[in-house]
$ cat start_21.tsv   # TSV, C-alpha atoms and all ligand atoms
chain	number	residue	atom	x	y	z
A	1	MET	CA	10.73	-123.64	4.31
A	2	ASP	CA	11.86	-127.14	5.15
A	3	THR	CA	15.00	-126.72	7.22
A	4	ARG	CA	15.53	-130.45	7.44
A	5	GLN	CA	16.98	-130.31	3.92
A	6	THR	CA	20.09	-128.72	5.37
A	7	ALA	CA	22.59	-131.00	7.05
A	8	PRO	CA	23.67	-129.88	10.52
A	9	GLN	CA	26.79	-127.74	10.49
A	10	PRO	CA	29.94	-129.61	11.50
A	11	LEU	CA	31.78	-128.19	14.48
A	12	PHE	CA	35.52	-127.73	14.46
A	13	LEU	CA	36.30	-126.97	18.07
A	14	ALA	CA	38.23	-129.99	19.33
A	15	ASP	CA	41.77	-128.92	18.39
A	16	ASN	CA	42.19	-132.41	16.94
A	17	LEU	CA	41.12	-133.97	13.65
A	18	ALA	CA	40.03	-137.32	15.12
A	19	LEU	CA	38.00	-135.68	17.88
A	20	ASP	CA	36.37	-133.28	15.41
A	21	PHE	CA	35.43	-136.35	13.39
A	22	ILE	CA	33.87	-138.06	16.42
A	23	ASN	CA	32.08	-134.77	17.15
A	24	THR	CA	30.24	-134.93	13.81
A	25	GLU	CA	27.57	-136.62	15.89
A	26	TYR	CA	26.45	-134.44	18.75
A	27	GLY	CA	23.57	-133.62	21.03
A	28	THR	CA	21.57	-136.14	22.99
A	29	GLY	CA	18.02	-137.50	22.77
A	30	ASP	CA	15.75	-135.56	20.41
A	31	ALA	CA	18.42	-132.93	19.84
A	32	LYS	CA	20.80	-135.49	18.33
A	33	GLN	CA	22.49	-134.26	15.16
A	34	ASP	CA	24.53	-136.14	12.59
A	35	CYS	CA	26.63	-134.18	10.09
A	36	LEU	CA	27.54	-137.34	8.16
A	37	GLU	CA	24.35	-138.10	6.26
A	38	ASP	CA	25.67	-139.57	3.03
A	39	ASP	CA	28.83	-140.02	0.93
A	40	ARG	CA	28.69	-136.37	-0.17
A	41	SER	CA	28.58	-134.94	3.36
A	42	VAL	CA	31.55	-137.11	4.39
A	43	ILE	CA	33.71	-135.86	1.51
A	44	ASP	CA	32.61	-132.28	2.25
A	45	TRP	CA	33.69	-132.74	5.86
A	46	LEU	CA	37.10	-134.12	4.80
A	47	ILE	CA	37.59	-131.18	2.43
A	48	THR	CA	36.57	-128.64	5.09
A	49	ALA	CA	38.92	-130.34	7.57
A	50	GLY	CA	41.73	-129.90	5.04
A	51	VAL	CA	42.57	-133.58	4.52
A	52	ALA	CA	41.01	-134.01	1.07
A	53	GLU	CA	41.42	-131.79	-1.95
A	54	ALA	CA	38.49	-129.70	-3.14
A	55	GLY	CA	36.62	-131.47	-5.91
A	56	THR	CA	37.50	-135.00	-4.72
A	57	PRO	CA	34.63	-137.28	-5.74
A	58	ALA	CA	32.90	-139.28	-3.01
A	59	PRO	CA	33.34	-143.02	-3.66
A	60	PRO	CA	30.42	-145.31	-2.92
A	61	GLY	CA	30.62	-146.82	0.55
A	62	LEU	CA	32.37	-143.78	2.02
A	63	HIS	CA	29.48	-142.97	4.33
A	64	ALA	CA	29.19	-146.53	5.66
A	65	GLN	CA	32.92	-146.73	6.38
A	66	ALA	CA	33.01	-143.24	7.89
A	67	ARG	CA	30.29	-144.19	10.35
A	68	GLN	CA	32.11	-147.40	11.25
A	69	LEU	CA	35.29	-145.44	11.81
A	70	ARG	CA	33.48	-142.85	13.88
A	71	SER	CA	31.98	-145.32	16.31
A	72	ALA	CA	35.26	-147.26	16.52
A	73	ALA	CA	37.20	-144.02	17.13
A	74	SER	CA	34.76	-142.91	19.80
A	75	ALA	CA	35.04	-146.32	21.50
A	76	VAL	CA	38.85	-146.17	21.43
A	77	VAL	CA	39.00	-142.66	22.88
A	78	HIS	CA	36.62	-143.52	25.71
A	79	ALA	CA	38.44	-146.82	26.34
A	80	ALA	CA	41.79	-145.02	26.42
A	81	MET	CA	40.37	-142.50	28.91
A	82	ASN	CA	39.49	-145.43	31.17
A	83	ALA	CA	42.63	-147.45	30.34
A	84	VAL	CA	40.72	-150.48	29.05
A	85	ALA	CA	40.99	-152.58	25.88
A	86	VAL	CA	38.54	-152.36	22.97
A	87	ASP	CA	38.15	-153.91	19.49
A	88	LEU	CA	40.58	-152.23	17.08
A	89	GLY	CA	39.61	-154.10	13.89
A	90	VAL	CA	38.00	-151.18	12.04
A	91	ILE	CA	40.82	-148.76	12.84
A	92	ASN	CA	43.57	-151.19	11.90
A	93	ARG	CA	41.87	-152.11	8.62
A	94	ILE	CA	41.75	-148.44	7.58
A	95	LEU	CA	45.35	-147.90	8.70
A	96	GLU	CA	46.48	-150.84	6.59
A	97	LYS	CA	44.35	-150.42	3.47
A	98	GLY	CA	44.42	-146.66	3.29
A	99	HIS	CA	48.07	-145.99	3.96
A	100	PRO	CA	49.33	-143.25	1.61
A	101	LEU	CA	52.59	-143.28	-0.29
A	102	THR	CA	55.33	-141.02	0.93
A	103	ARG	CA	58.17	-139.59	-1.10
A	104	LEU	CA	61.14	-137.52	-0.14
A	105	GLN	CA	61.40	-134.42	-2.30
A	106	TRP	CA	63.59	-131.41	-2.68
A	107	ASP	CA	61.58	-128.21	-2.35
A	108	GLU	CA	63.15	-125.77	-4.79
A	109	ASP	CA	61.24	-122.73	-3.48
A	110	GLY	CA	61.88	-123.33	0.20
A	111	GLN	CA	65.37	-124.77	-0.39
A	112	HIS	CA	64.76	-127.71	1.92
A	113	TYR	CA	63.75	-131.35	1.79
A	114	ARG	CA	60.17	-132.26	2.47
A	115	VAL	CA	58.04	-135.34	2.48
A	116	ASP	CA	55.29	-135.52	-0.10
A	117	THR	CA	52.35	-137.66	0.99
A	118	HIS	CA	49.67	-138.74	-1.41
A	119	SER	CA	46.85	-141.24	-1.38
A	120	VAL	CA	47.27	-144.45	-3.32
A	121	SER	CA	43.65	-144.45	-4.39
A	122	THR	CA	40.31	-142.79	-3.94
A	123	ARG	CA	38.89	-145.69	-1.96
A	124	PRO	CA	37.04	-144.89	1.26
A	125	GLU	CA	39.93	-146.30	3.33
A	126	SER	CA	42.41	-143.91	1.68
A	127	LEU	CA	40.16	-140.92	2.21
A	128	LEU	CA	39.54	-141.81	5.85
A	129	TRP	CA	43.15	-142.71	6.60
A	130	PRO	CA	44.15	-139.22	7.85
A	131	VAL	CA	41.43	-139.45	10.51
A	132	ALA	CA	42.61	-142.90	11.64
A	133	ASP	CA	46.20	-141.64	11.66
A	134	ALA	CA	45.25	-138.62	13.79
A	135	LEU	CA	43.49	-140.99	16.18
A	136	VAL	CA	46.59	-143.18	16.51
A	137	LYS	CA	48.75	-140.14	17.24
A	138	LEU	CA	46.23	-138.87	19.79
A	139	VAL	CA	45.79	-142.06	21.82
A	140	THR	CA	49.48	-142.97	21.76
A	141	GLY	CA	50.72	-139.42	22.32
A	142	ASN	CA	51.94	-138.03	25.61
A	143	LYS	CA	49.20	-135.41	25.70
A	144	PHE	CA	46.27	-137.81	25.68
A	145	GLU	CA	45.54	-137.00	29.32
A	146	PHE	CA	44.27	-133.61	28.13
A	147	VAL	CA	41.43	-135.10	26.10
A	148	ARG	CA	38.18	-134.17	27.79
A	149	GLN	CA	34.47	-134.33	27.36
A	150	CYS	CA	32.53	-131.08	27.76
A	151	GLU	CA	31.36	-130.73	31.35
A	152	ALA	CA	27.82	-129.76	30.41
A	153	HIS	CA	25.61	-132.67	31.49
A	154	ASP	CA	23.80	-132.79	28.14
A	155	CYS	CA	26.82	-132.37	25.88
A	156	VAL	CA	28.91	-135.23	24.49
A	157	LEU	CA	31.50	-133.18	22.62
A	158	LEU	CA	35.15	-134.07	23.05
A	159	PHE	CA	38.13	-131.74	22.80
A	160	HIS	CA	41.88	-131.71	23.31
A	161	ASP	CA	42.69	-129.15	25.94
A	162	LEU	CA	46.02	-127.80	24.73
A	163	SER	CA	45.70	-124.56	26.68
A	164	LYS	CA	48.63	-123.71	28.94
A	165	SER	CA	46.69	-124.08	32.17
A	166	HIS	CA	44.69	-127.12	30.98
A	167	ARG	CA	41.57	-125.70	32.54
A	168	ARG	CA	39.27	-125.78	29.53
A	169	ARG	CA	35.92	-127.14	30.71
A	170	TRP	CA	33.56	-126.55	27.82
A	171	CYS	CA	33.35	-127.48	24.17
A	172	SER	CA	32.69	-123.81	23.60
A	173	MET	CA	32.47	-120.89	26.00
A	174	ALA	CA	29.88	-119.29	23.72
A	175	THR	CA	27.46	-122.20	23.99
A	176	CYS	CA	27.87	-124.69	26.86
A	177	GLY	CA	30.10	-122.44	28.97
A	178	ASN	CA	27.52	-119.68	29.00
A	179	ARG	CA	24.59	-122.02	29.38
A	180	MET	CA	26.11	-123.67	32.44
A	181	LYS	CA	27.13	-120.36	34.01
A	182	VAL	CA	23.60	-119.04	33.65
A	183	ALA	CA	22.22	-122.27	35.16
A	184	ALA	CA	24.66	-122.10	38.09
A	185	PHE	CA	23.73	-118.46	38.69
A	186	ARG	CA	20.02	-119.34	38.68
A	187	ASN	CA	20.62	-122.15	41.16
A	188	ARG	CA	22.52	-119.82	43.46
A	189	THR	CA	19.93	-117.06	43.42
A	190	ARG	CA	17.10	-119.55	43.92
A	191	SER	CA	18.53	-121.06	47.08
A	201	ZN	ZN	29.45	-128.66	25.33

$ encode --input "start_21.tsv" --output "structure tokens" --more "lines below"
Ligand SMILES: [Zn+2]
Amino acid sequence: MDTRQTAPQPLFLADNLALDFINTEYGTGDAKQDCLEDDRSVIDWLITAGVAEAGTPAPPGLHAQARQLRSAASAVVHAAMNAVAVDLGVINRILEKGHPLTRLQWDEDGQHYRVDTHSVSTRPESLLWPVADALVKLVTGNKFEFVRQCEAHDCVLLFHDLSKSHRRRWCSMATCGNRMKVAAFRNRTRS
């Protein structure tokens, strides 16, 4: 059986849409994985993340723009962590071209007003706009200081530590957390 036919499973562990999007590329060296292989896998990711409706067709060019956005988003997050400037062209283009329409509506069932947001088009920029918007909110928000990279030396995954104590160290306790604890234990018993 050729397992390479199957795209790597996307991880949703960051507690933030933009960081989950950046995390679609993970692992280092030979173990590097990329969940965004083509237009189809990008639309599948957006649907799984809950920002595109099931059945949305993938427009041509979606994959190329998604990868541009991912590297720009990753650069911005790392730059913001170090309080330095970085090129914002890709992000700002998606923010401008993909901006959805908003409408105030009366919700008869809930008996309250709500804002209805819908995409202007099915262009790549419109589909990727929610990710760019989440990124803007993250880097300009007052909780940005709790964005962290997993402490495992061979893990590049980012997450937003919204726990009360802000002591989350690992992308996942089940994977890196355990791995690093076992390694630390081995080091202790060896010396
Ligand atoms: Zn990790």

$ residues_around --input "start_21.tsv" --residues "Thr48 (chain A)" --least-positions-apart "4" --cutoff "12 Å" --atoms "only C-alpha atoms" --output "VMD selection string"
chain A and resid 9 to 12 17 20 to 21 41 to 44 52 to 56

$ residues_near_ligand --input "start_21.tsv" --ligand "ligand ZN 201 (chain A)" --cutoff "6 Å" --atoms "only C-alpha atoms and all ligand atoms" --output "list of chain:residue names"
A:Cys150, A:Ala152, A:Cys155, A:Leu157, A:Trp170, A:Cys171, A:Cys176

$ atom_distance --input "start_21.tsv" --atom1 "CA of Gly141 (chain A)" --atom2 "CA of Glu125 (chain A)"
22.9 Å

$ residues_around --input "start_21.tsv" --residues "Met173 (chain A)" --least-positions-apart "4" --cutoff "12 Å" --atoms "only C-alpha atoms" --output "ChimeraX atom specification"
/A:13,150-152,168-169,177-182

$ residues_around --input "start_21.tsv" --residues "region 94-98 of chain A" --least-positions-apart "5" --cutoff "10 Å" --atoms "only C-alpha atoms" --output "short mmCIF file (atom, residue, chain, number, x, y, z; two decimals) with C-alpha atoms, in the coordinates of the input"
data_model
loop_
_atom_site.label_atom_id
_atom_site.label_comp_id
_atom_site.auth_asym_id
_atom_site.auth_seq_id
_atom_site.Cartn_x
_atom_site.Cartn_y
_atom_site.Cartn_z
CA GLN A 65 32.92 -146.73 6.38
CA LEU A 69 35.29 -145.44 11.81
CA GLY A 89 39.61 -154.10 13.89
CA SER A 119 46.85 -141.24 -1.38
CA VAL A 120 47.27 -144.45 -3.32
CA SER A 121 43.65 -144.45 -4.39
CA THR A 122 40.31 -142.79 -3.94
CA ARG A 123 38.89 -145.69 -1.96
CA PRO A 124 37.04 -144.89 1.26
CA GLU A 125 39.93 -146.30 3.33
CA SER A 126 42.41 -143.91 1.68
CA LEU A 127 40.16 -140.92 2.21
CA LEU A 128 39.54 -141.81 5.85
CA TRP A 129 43.15 -142.71 6.60
CA PRO A 130 44.15 -139.22 7.85
CA VAL A 131 41.43 -139.45 10.51
CA ALA A 132 42.61 -142.90 11.64
CA ASP A 133 46.20 -141.64 11.66
CA VAL A 136 46.59 -143.18 16.51
#

$ decode --input "start_21.tsv" --residues "region 42-176 of chain A" --atoms "C-alpha atoms" --output "PDB file, in the first residue's frame"
ATOM      1  CA  VAL A  42      -6.659  23.858   1.114  1.00  0.00           C
ATOM      2  CA  ILE A  43     -10.450  23.996   0.729  1.00  0.00           C
ATOM      3  CA  ASP A  44     -10.761  20.828   2.842  1.00  0.00           C
ATOM      4  CA  TRP A  45      -8.708  22.493   5.563  1.00  0.00           C
ATOM      5  CA  LEU A  46     -10.882  25.638   5.475  1.00  0.00           C
ATOM      6  CA  ILE A  47     -14.034  23.502   5.706  1.00  0.00           C
ATOM      7  CA  THR A  48     -12.626  21.446   8.602  1.00  0.00           C
ATOM      8  CA  ALA A  49     -11.597  24.671  10.351  1.00  0.00           C
ATOM      9  CA  GLY A  50     -15.191  25.877  10.022  1.00  0.00           C
ATOM     10  CA  VAL A  51     -14.519  28.973   7.895  1.00  0.00           C
ATOM     11  CA  ALA A  52     -15.822  27.638   4.568  1.00  0.00           C
ATOM     12  CA  GLU A  53     -19.075  25.855   3.907  1.00  0.00           C
ATOM     13  CA  ALA A  54     -19.038  22.167   3.032  1.00  0.00           C
ATOM     14  CA  GLY A  55     -19.126  21.679  -0.715  1.00  0.00           C
ATOM     15  CA  THR A  56     -17.363  24.968  -1.533  1.00  0.00           C
ATOM     16  CA  PRO A  57     -15.436  24.437  -4.770  1.00  0.00           C
ATOM     17  CA  ALA A  58     -11.698  25.109  -4.742  1.00  0.00           C
ATOM     18  CA  PRO A  59     -10.864  27.949  -7.165  1.00  0.00           C
ATOM     19  CA  PRO A  60      -7.682  27.680  -9.197  1.00  0.00           C
ATOM     20  CA  GLY A  61      -4.769  29.452  -7.549  1.00  0.00           C
ATOM     21  CA  LEU A  62      -6.033  28.746  -4.032  1.00  0.00           C
ATOM     22  CA  HIS A  63      -3.060  26.563  -3.166  1.00  0.00           C
ATOM     23  CA  ALA A  64      -0.492  29.097  -4.399  1.00  0.00           C
ATOM     24  CA  GLN A  65      -2.107  31.930  -2.436  1.00  0.00           C
ATOM     25  CA  ALA A  66      -2.556  29.773   0.663  1.00  0.00           C
ATOM     26  CA  ARG A  67       1.147  28.979   0.696  1.00  0.00           C
ATOM     27  CA  GLN A  68       2.023  32.652   0.254  1.00  0.00           C
ATOM     28  CA  LEU A  69      -0.272  33.543   3.114  1.00  0.00           C
ATOM     29  CA  ARG A  70       1.164  30.801   5.292  1.00  0.00           C
ATOM     30  CA  SER A  71       4.753  31.921   4.934  1.00  0.00           C
ATOM     31  CA  ALA A  72       3.766  35.584   5.360  1.00  0.00           C
ATOM     32  CA  ALA A  73       1.703  34.724   8.461  1.00  0.00           C
ATOM     33  CA  SER A  74       4.536  32.704   9.944  1.00  0.00           C
ATOM     34  CA  ALA A  75       6.961  35.580   9.292  1.00  0.00           C
ATOM     35  CA  VAL A  76       4.609  38.092  10.942  1.00  0.00           C
ATOM     36  CA  VAL A  77       4.071  35.948  14.041  1.00  0.00           C
ATOM     37  CA  HIS A  78       7.796  35.388  14.524  1.00  0.00           C
ATOM     38  CA  ALA A  79       8.520  39.073  13.832  1.00  0.00           C
ATOM     39  CA  ALA A  80       5.864  40.117  16.343  1.00  0.00           C
ATOM     40  CA  MET A  81       7.391  37.771  18.936  1.00  0.00           C
ATOM     41  CA  ASN A  82      10.680  39.609  18.464  1.00  0.00           C
ATOM     42  CA  ALA A  83       9.086  43.061  18.045  1.00  0.00           C
ATOM     43  CA  VAL A  84      10.570  43.678  14.595  1.00  0.00           C
ATOM     44  CA  ALA A  85       9.077  44.823  11.276  1.00  0.00           C
ATOM     45  CA  VAL A  86       8.410  42.499   8.333  1.00  0.00           C
ATOM     46  CA  ASP A  87       6.869  42.761   4.840  1.00  0.00           C
ATOM     47  CA  LEU A  88       3.063  42.850   5.139  1.00  0.00           C
ATOM     48  CA  GLY A  89       2.203  42.976   1.420  1.00  0.00           C
ATOM     49  CA  VAL A  90       0.659  39.505   1.123  1.00  0.00           C
ATOM     50  CA  ILE A  91      -1.447  39.857   4.267  1.00  0.00           C
ATOM     51  CA  ASN A  92      -2.721  43.314   3.369  1.00  0.00           C
ATOM     52  CA  ARG A  93      -3.616  42.257  -0.169  1.00  0.00           C
ATOM     53  CA  ILE A  94      -5.778  39.410   1.157  1.00  0.00           C
ATOM     54  CA  LEU A  95      -7.352  41.691   3.776  1.00  0.00           C
ATOM     55  CA  GLU A  96      -8.263  44.195   1.084  1.00  0.00           C
ATOM     56  CA  LYS A  97      -9.346  41.928  -1.762  1.00  0.00           C
ATOM     57  CA  GLY A  98     -11.072  39.282   0.298  1.00  0.00           C
ATOM     58  CA  HIS A  99     -13.032  41.432   2.700  1.00  0.00           C
ATOM     59  CA  PRO A 100     -16.532  39.978   3.156  1.00  0.00           C
ATOM     60  CA  LEU A 101     -19.766  41.929   3.183  1.00  0.00           C
ATOM     61  CA  THR A 102     -21.473  42.417   6.497  1.00  0.00           C
ATOM     62  CA  ARG A 103     -25.145  43.027   7.096  1.00  0.00           C
ATOM     63  CA  LEU A 104     -27.082  43.770  10.211  1.00  0.00           C
ATOM     64  CA  GLN A 105     -30.017  41.408  10.589  1.00  0.00           C
ATOM     65  CA  TRP A 106     -32.809  40.721  12.980  1.00  0.00           C
ATOM     66  CA  ASP A 107     -32.719  37.135  14.201  1.00  0.00           C
ATOM     67  CA  GLU A 108     -36.350  36.085  14.558  1.00  0.00           C
ATOM     68  CA  ASP A 109     -35.563  32.833  16.417  1.00  0.00           C
ATOM     69  CA  GLY A 110     -33.139  34.303  18.920  1.00  0.00           C
ATOM     70  CA  GLN A 111     -35.018  37.630  19.156  1.00  0.00           C
ATOM     71  CA  HIS A 112     -31.841  39.674  18.823  1.00  0.00           C
ATOM     72  CA  TYR A 113     -29.830  41.521  16.214  1.00  0.00           C
ATOM     73  CA  ARG A 114     -26.870  39.816  14.656  1.00  0.00           C
ATOM     74  CA  VAL A 115     -24.338  40.532  11.991  1.00  0.00           C
ATOM     75  CA  ASP A 116     -24.428  38.341   8.921  1.00  0.00           C
ATOM     76  CA  THR A 117     -21.056  38.005   7.210  1.00  0.00           C
ATOM     77  CA  HIS A 118     -20.702  36.534   3.774  1.00  0.00           C
ATOM     78  CA  SER A 119     -17.984  36.366   1.165  1.00  0.00           C
ATOM     79  CA  VAL A 120     -18.249  38.602  -1.858  1.00  0.00           C
ATOM     80  CA  SER A 121     -16.856  35.938  -4.135  1.00  0.00           C
ATOM     81  CA  THR A 122     -15.260  32.533  -4.286  1.00  0.00           C
ATOM     82  CA  ARG A 123     -11.850  33.937  -5.157  1.00  0.00           C
ATOM     83  CA  PRO A 124      -8.853  32.622  -3.229  1.00  0.00           C
ATOM     84  CA  GLU A 125      -8.545  35.952  -1.364  1.00  0.00           C
ATOM     85  CA  SER A 126     -12.136  35.702  -0.097  1.00  0.00           C
ATOM     86  CA  LEU A 127     -11.675  32.120   1.041  1.00  0.00           C
ATOM     87  CA  LEU A 128      -8.415  32.923   2.814  1.00  0.00           C
ATOM     88  CA  TRP A 129      -9.655  36.170   4.351  1.00  0.00           C
ATOM     89  CA  PRO A 130     -10.814  34.593   7.660  1.00  0.00           C
ATOM     90  CA  VAL A 131      -7.268  33.315   8.241  1.00  0.00           C
ATOM     91  CA  ALA A 132      -5.755  36.753   7.544  1.00  0.00           C
ATOM     92  CA  ASP A 133      -8.381  38.338   9.802  1.00  0.00           C
ATOM     93  CA  ALA A 134      -7.586  35.902  12.630  1.00  0.00           C
ATOM     94  CA  LEU A 135      -3.915  36.754  12.198  1.00  0.00           C
ATOM     95  CA  VAL A 136      -4.609  40.491  12.481  1.00  0.00           C
ATOM     96  CA  LYS A 137      -6.625  39.951  15.655  1.00  0.00           C
ATOM     97  CA  LEU A 138      -3.903  37.744  17.102  1.00  0.00           C
ATOM     98  CA  VAL A 139      -0.912  40.025  16.510  1.00  0.00           C
ATOM     99  CA  THR A 140      -2.754  43.196  17.500  1.00  0.00           C
ATOM    100  CA  GLY A 141      -4.565  41.637  20.461  1.00  0.00           C
ATOM    101  CA  ASN A 142      -3.569  42.028  24.081  1.00  0.00           C
ATOM    102  CA  LYS A 143      -2.975  38.309  24.486  1.00  0.00           C
ATOM    103  CA  PHE A 144      -0.269  37.993  21.862  1.00  0.00           C
ATOM    104  CA  GLU A 145       2.353  37.507  24.569  1.00  0.00           C
ATOM    105  CA  PHE A 146       0.871  34.045  25.146  1.00  0.00           C
ATOM    106  CA  VAL A 147       1.754  32.813  21.663  1.00  0.00           C
ATOM    107  CA  ARG A 148       4.462  30.195  22.016  1.00  0.00           C
ATOM    108  CA  GLN A 149       6.417  27.679  20.051  1.00  0.00           C
ATOM    109  CA  CYS A 150       6.497  24.119  21.373  1.00  0.00           C
ATOM    110  CA  GLU A 151       9.538  23.654  23.598  1.00  0.00           C
ATOM    111  CA  ALA A 152      10.569  20.373  21.999  1.00  0.00           C
ATOM    112  CA  HIS A 153      13.819  21.093  20.150  1.00  0.00           C
ATOM    113  CA  ASP A 154      12.618  19.383  16.972  1.00  0.00           C
ATOM    114  CA  CYS A 155       9.089  20.789  16.901  1.00  0.00           C
ATOM    115  CA  VAL A 156       8.075  24.021  15.172  1.00  0.00           C
ATOM    116  CA  LEU A 157       4.400  24.045  16.136  1.00  0.00           C
ATOM    117  CA  LEU A 158       2.916  27.260  17.472  1.00  0.00           C
ATOM    118  CA  PHE A 159       0.022  27.616  19.890  1.00  0.00           C
ATOM    119  CA  HIS A 160      -1.847  30.261  21.845  1.00  0.00           C
ATOM    120  CA  ASP A 161      -1.560  29.445  25.508  1.00  0.00           C
ATOM    121  CA  LEU A 162      -4.910  30.585  26.839  1.00  0.00           C
ATOM    122  CA  SER A 163      -4.711  28.397  29.927  1.00  0.00           C
ATOM    123  CA  LYS A 164      -5.218  30.185  33.243  1.00  0.00           C
ATOM    124  CA  SER A 165      -1.682  29.636  34.478  1.00  0.00           C
ATOM    125  CA  HIS A 166      -0.075  30.220  31.052  1.00  0.00           C
ATOM    126  CA  ARG A 167       2.260  27.325  31.638  1.00  0.00           C
ATOM    127  CA  ARG A 168       1.559  25.298  28.512  1.00  0.00           C
ATOM    128  CA  ARG A 169       4.919  24.155  27.141  1.00  0.00           C
ATOM    129  CA  TRP A 170       4.056  21.635  24.462  1.00  0.00           C
ATOM    130  CA  CYS A 171       2.032  21.545  21.275  1.00  0.00           C
ATOM    131  CA  SER A 172       0.513  18.404  22.706  1.00  0.00           C
ATOM    132  CA  MET A 173       1.096  16.583  25.975  1.00  0.00           C
ATOM    133  CA  ALA A 174       0.386  13.297  24.207  1.00  0.00           C
ATOM    134  CA  THR A 175       3.202  13.734  21.694  1.00  0.00           C
ATOM    135  CA  CYS A 176       5.984  16.244  22.446  1.00  0.00           C
TER     136      CYS A 176
END
